[in-house]
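**Q** To be precise about what I am sending: the file is called input-v9.cif and holds mmCIF, C-alpha atoms; chains and numbers go by the auth columns.
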```cif
data_my_file
#
loop_
_atom_site.group_PDB
_atom_site.id
_atom_site.type_symbol
_atom_site.label_atom_id
_atom_site.label_comp_id
_atom_site.label_asym_id
_atom_site.label_seq_id
_atom_site.Cartn_x
_atom_site.Cartn_y
_atom_site.Cartn_z
_atom_site.B_iso_or_equiv
_atom_site.auth_seq_id
_atom_site.auth_asym_id
ATOM 1 C CA MET A 1 74.158 36.539 43.831 0.00 1 A
ATOM 2 C CA VAL A 2 72.375 34.873 46.742 0.00 2 A
ATOM 3 C CA SER A 3 69.727 36.962 48.481 0.00 3 A
ATOM 4 C CA ASP A 4 69.897 37.442 52.233 0.00 4 A
ATOM 5 C CA PRO A 5 66.894 35.137 52.953 0.00 5 A
ATOM 6 C CA HIS A 6 68.526 32.365 50.916 0.00 6 A
ATOM 7 C CA ALA A 7 71.899 32.935 52.551 0.00 7 A
ATOM 8 C CA ALA A 8 70.320 33.058 56.012 0.00 8 A
ATOM 9 C CA LEU A 9 68.541 29.747 55.447 0.00 9 A
ATOM 10 C CA ARG A 10 71.727 28.188 54.099 0.00 10 A
ATOM 11 C CA GLY A 11 73.576 29.369 57.220 0.00 11 A
ATOM 12 C CA LEU A 12 70.891 27.895 59.470 0.00 12 A
ATOM 13 C CA LEU A 13 70.878 24.542 57.666 0.00 13 A
ATOM 14 C CA THR A 14 74.668 24.275 57.695 0.00 14 A
ATOM 15 C CA GLY A 15 75.030 25.315 61.339 0.00 15 A
ATOM 16 C CA ARG A 16 76.712 28.666 60.673 0.00 16 A
ATOM 17 C CA MET A 17 74.705 30.435 63.346 0.00 17 A
ATOM 18 C CA ARG A 18 76.721 33.663 63.602 0.00 18 A
ATOM 19 C CA GLY A 19 76.275 34.413 59.913 0.00 19 A
ATOM 20 C CA HIS A 20 72.648 33.326 60.075 0.00 20 A
ATOM 21 C CA GLU A 21 71.873 35.641 62.981 0.00 21 A
ATOM 22 C CA ARG A 22 73.821 38.509 61.395 0.00 22 A
ATOM 23 C CA ARG A 23 71.748 38.220 58.237 0.00 23 A
ATOM 24 C CA LEU A 24 68.503 38.059 60.228 0.00 24 A
ATOM 25 C CA ARG A 25 69.347 41.355 61.920 0.00 25 A
ATOM 26 C CA ARG A 26 69.620 43.041 58.504 0.00 26 A
ATOM 27 C CA PHE A 27 66.251 41.818 57.207 0.00 27 A
ATOM 28 C CA ALA A 28 63.675 44.243 55.877 0.00 28 A
ATOM 29 C CA GLU A 29 59.975 43.336 56.038 0.00 29 A
ATOM 30 C CA ALA A 30 60.025 41.755 52.564 0.00 30 A
ATOM 31 C CA ASP A 31 63.048 39.650 53.578 0.00 31 A
ATOM 32 C CA TRP A 32 61.119 38.281 56.574 0.00 32 A
ATOM 33 C CA ARG A 33 58.239 37.219 54.309 0.00 33 A
ATOM 34 C CA ARG A 34 60.587 35.513 51.852 0.00 34 A
ATOM 35 C CA TYR A 35 62.512 33.842 54.671 0.00 35 A
ATOM 36 C CA ALA A 36 59.252 32.532 56.168 0.00 36 A
ATOM 37 C CA ASP A 37 58.336 31.010 52.782 0.00 37 A
ATOM 38 C CA LEU A 38 61.759 29.405 52.426 0.00 38 A
ATOM 39 C CA LEU A 39 61.736 28.113 56.001 0.00 39 A
ATOM 40 C CA ALA A 40 58.244 26.639 55.571 0.00 40 A
ATOM 41 C CA GLY A 41 59.387 24.869 52.411 0.00 41 A
ATOM 42 C CA ALA A 42 62.481 23.488 54.111 0.00 42 A
ATOM 43 C CA LEU A 43 60.353 22.263 57.002 0.00 43 A
ATOM 44 C CA LEU A 44 57.965 20.469 54.637 0.00 44 A
ATOM 45 C CA VAL A 45 60.863 18.740 52.884 0.00 45 A
ATOM 46 C CA ALA A 46 62.372 17.688 56.223 0.00 46 A
ATOM 47 C CA VAL A 47 59.057 16.400 57.572 0.00 47 A
ATOM 48 C CA ARG A 48 58.328 14.409 54.414 0.00 48 A
ATOM 49 C CA ARG A 49 61.769 12.832 54.582 0.00 49 A
ATOM 50 C CA ARG A 50 61.558 12.076 58.311 0.00 50 A
ATOM 51 C CA PHE A 51 57.938 10.925 58.586 0.00 51 A
ATOM 52 C CA VAL A 52 56.813 8.576 55.831 0.00 52 A
ATOM 53 C CA ALA A 53 53.080 8.182 55.143 0.00 53 A
ATOM 54 C CA GLY A 54 51.624 5.035 56.654 0.00 54 A
ATOM 55 C CA GLN A 55 54.250 4.614 59.360 0.00 55 A
ATOM 56 C CA ASP A 56 53.469 4.216 63.047 0.00 56 A
ATOM 57 C CA ARG A 57 52.347 7.551 64.527 0.00 57 A
ATOM 58 C CA GLY A 58 54.289 7.009 67.768 0.00 58 A
ATOM 59 C CA PRO A 59 57.604 8.431 66.498 0.00 59 A
ATOM 60 C CA VAL A 60 55.855 11.549 65.192 0.00 60 A
ATOM 61 C CA ILE A 61 54.085 12.126 68.512 0.00 61 A
ATOM 62 C CA ARG A 62 57.327 11.630 70.483 0.00 62 A
ATOM 63 C CA PHE A 63 59.233 13.989 68.161 0.00 63 A
ATOM 64 C CA VAL A 64 56.657 16.767 68.498 0.00 64 A
ATOM 65 C CA ALA A 65 56.547 16.284 72.296 0.00 65 A
ATOM 66 C CA SER A 66 60.347 16.511 72.517 0.00 66 A
ATOM 67 C CA VAL A 67 60.425 19.735 70.483 0.00 67 A
ATOM 68 C CA ARG A 68 57.702 21.269 72.631 0.00 68 A
ATOM 69 C CA GLY A 69 59.584 20.268 75.783 0.00 69 A
ATOM 70 C CA THR A 70 62.760 21.868 74.473 0.00 70 A
ATOM 71 C CA LEU A 71 60.920 25.096 73.663 0.00 71 A
ATOM 72 C CA ARG A 72 59.306 25.198 77.109 0.00 72 A
ATOM 73 C CA ARG A 73 62.677 24.715 78.823 0.00 73 A
ATOM 74 C CA ASP A 74 64.233 27.407 76.635 0.00 74 A
ATOM 75 C CA ARG A 75 61.441 29.886 77.454 0.00 75 A
ATOM 76 C CA ALA A 76 61.744 29.110 81.158 0.00 76 A
ATOM 77 C CA ARG A 77 65.515 29.630 81.004 0.00 77 A
ATOM 78 C CA ARG A 78 65.126 32.997 79.225 0.00 78 A
ATOM 79 C CA GLY A 79 62.534 34.208 81.726 0.00 79 A
ATOM 80 C CA PRO A 80 59.058 35.675 81.545 0.00 80 A
ATOM 81 C CA GLY A 81 60.159 38.906 79.842 0.00 81 A
ATOM 82 C CA ALA A 82 61.562 37.112 76.783 0.00 82 A
ATOM 83 C CA ARG A 83 59.780 37.868 73.526 0.00 83 A
ATOM 84 C CA ARG A 84 58.054 35.116 71.671 0.00 84 A
ATOM 85 C CA GLY A 85 59.935 34.410 68.438 0.00 85 A
ATOM 86 C CA ALA A 86 63.170 35.882 69.774 0.00 86 A
ATOM 87 C CA GLY A 87 64.925 32.669 68.750 0.00 87 A
ATOM 88 C CA LEU A 88 64.333 33.705 65.147 0.00 88 A
ATOM 89 C CA GLY A 89 65.668 37.182 65.590 0.00 89 A
ATOM 90 C CA GLY A 90 62.300 38.484 66.741 0.00 90 A
ATOM 91 C CA ALA A 91 60.522 37.285 63.594 0.00 91 A
ATOM 92 C CA ARG A 92 57.177 38.925 63.011 0.00 92 A
#
```
In structure tokens, how does this file's structure come out?

**A**
Amino acid sequence: MVSDPHAALRGLLTGRMRGHERRLRRFAEADWRRYADLLAGALLVAVRRRFVAGQDRGPVIRFVASVRGTLRRDRARRGPGARRGAGLGGAR
């Protein structure tokens, strides 16, 4: 059986956002900690695949800037009362 943190991450990575968000809403505190560990691991794998050691730093800088810009626009669209982390189901 797949635990909810594993299933939630699988839903996120495969683009099944409704199931992903549904699972996030059911998380207990321990689930949030496990999900954070899994998400951090997935991020490290993705970064290592995308940004190879010794390559030009320009693409990395542009990627980080584009992500930050997207987050700023999203926060502005949601308004000043929006909680930080609400995009992850209000992750603690």

**Q** Set the distance at 9 Å and use only C-alpha atoms: which residues neighbour segment 32-46 of chain A once local chain neighbours fewer than 5 positions away are removed? I'd like the list as a ChimeraX atom specification.

**A** /A:4-6,8-9,24,27,51,91-92

**Q** Could you list, as a VMD selection string, every residue within 8 Å of Gly11 of chain A, counting all atoms listed in the file and ignoring same-chain residues fewer than 6 positions away?

**A** chain A and resid 17 19 to 20

**Q** Would you mind reading off the distance between atom CA of Gly58 of chain A and atom CA of Arg75 of chain A, one decimal, in Å?

**A** 25.9 Å

**Q** Atom CA of Ala76 of chain A and atom CA of Ile61 of chain A, how far apart in Å?

**A**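 It comes out at 22.5 Å.
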
**Q** Quick one: pull the distance between atom CA of Ala28 of chain A and atom CA of Ser3 of chain A, Å, one decimal.

**A**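 About the pair atom CA of Ala28 of chain A and atom CA of Ser3 of chain A: they are 12.0 Å apart.
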
**Q** Quick one: residues within 12 Å of segment 62-66 of chain A, all atoms listed in the file counted, chain neighbours fewer than 5 positions away excluded, as a PyMOL selection string?

**A** chain A and resi 47+50-51+56-57+71-73
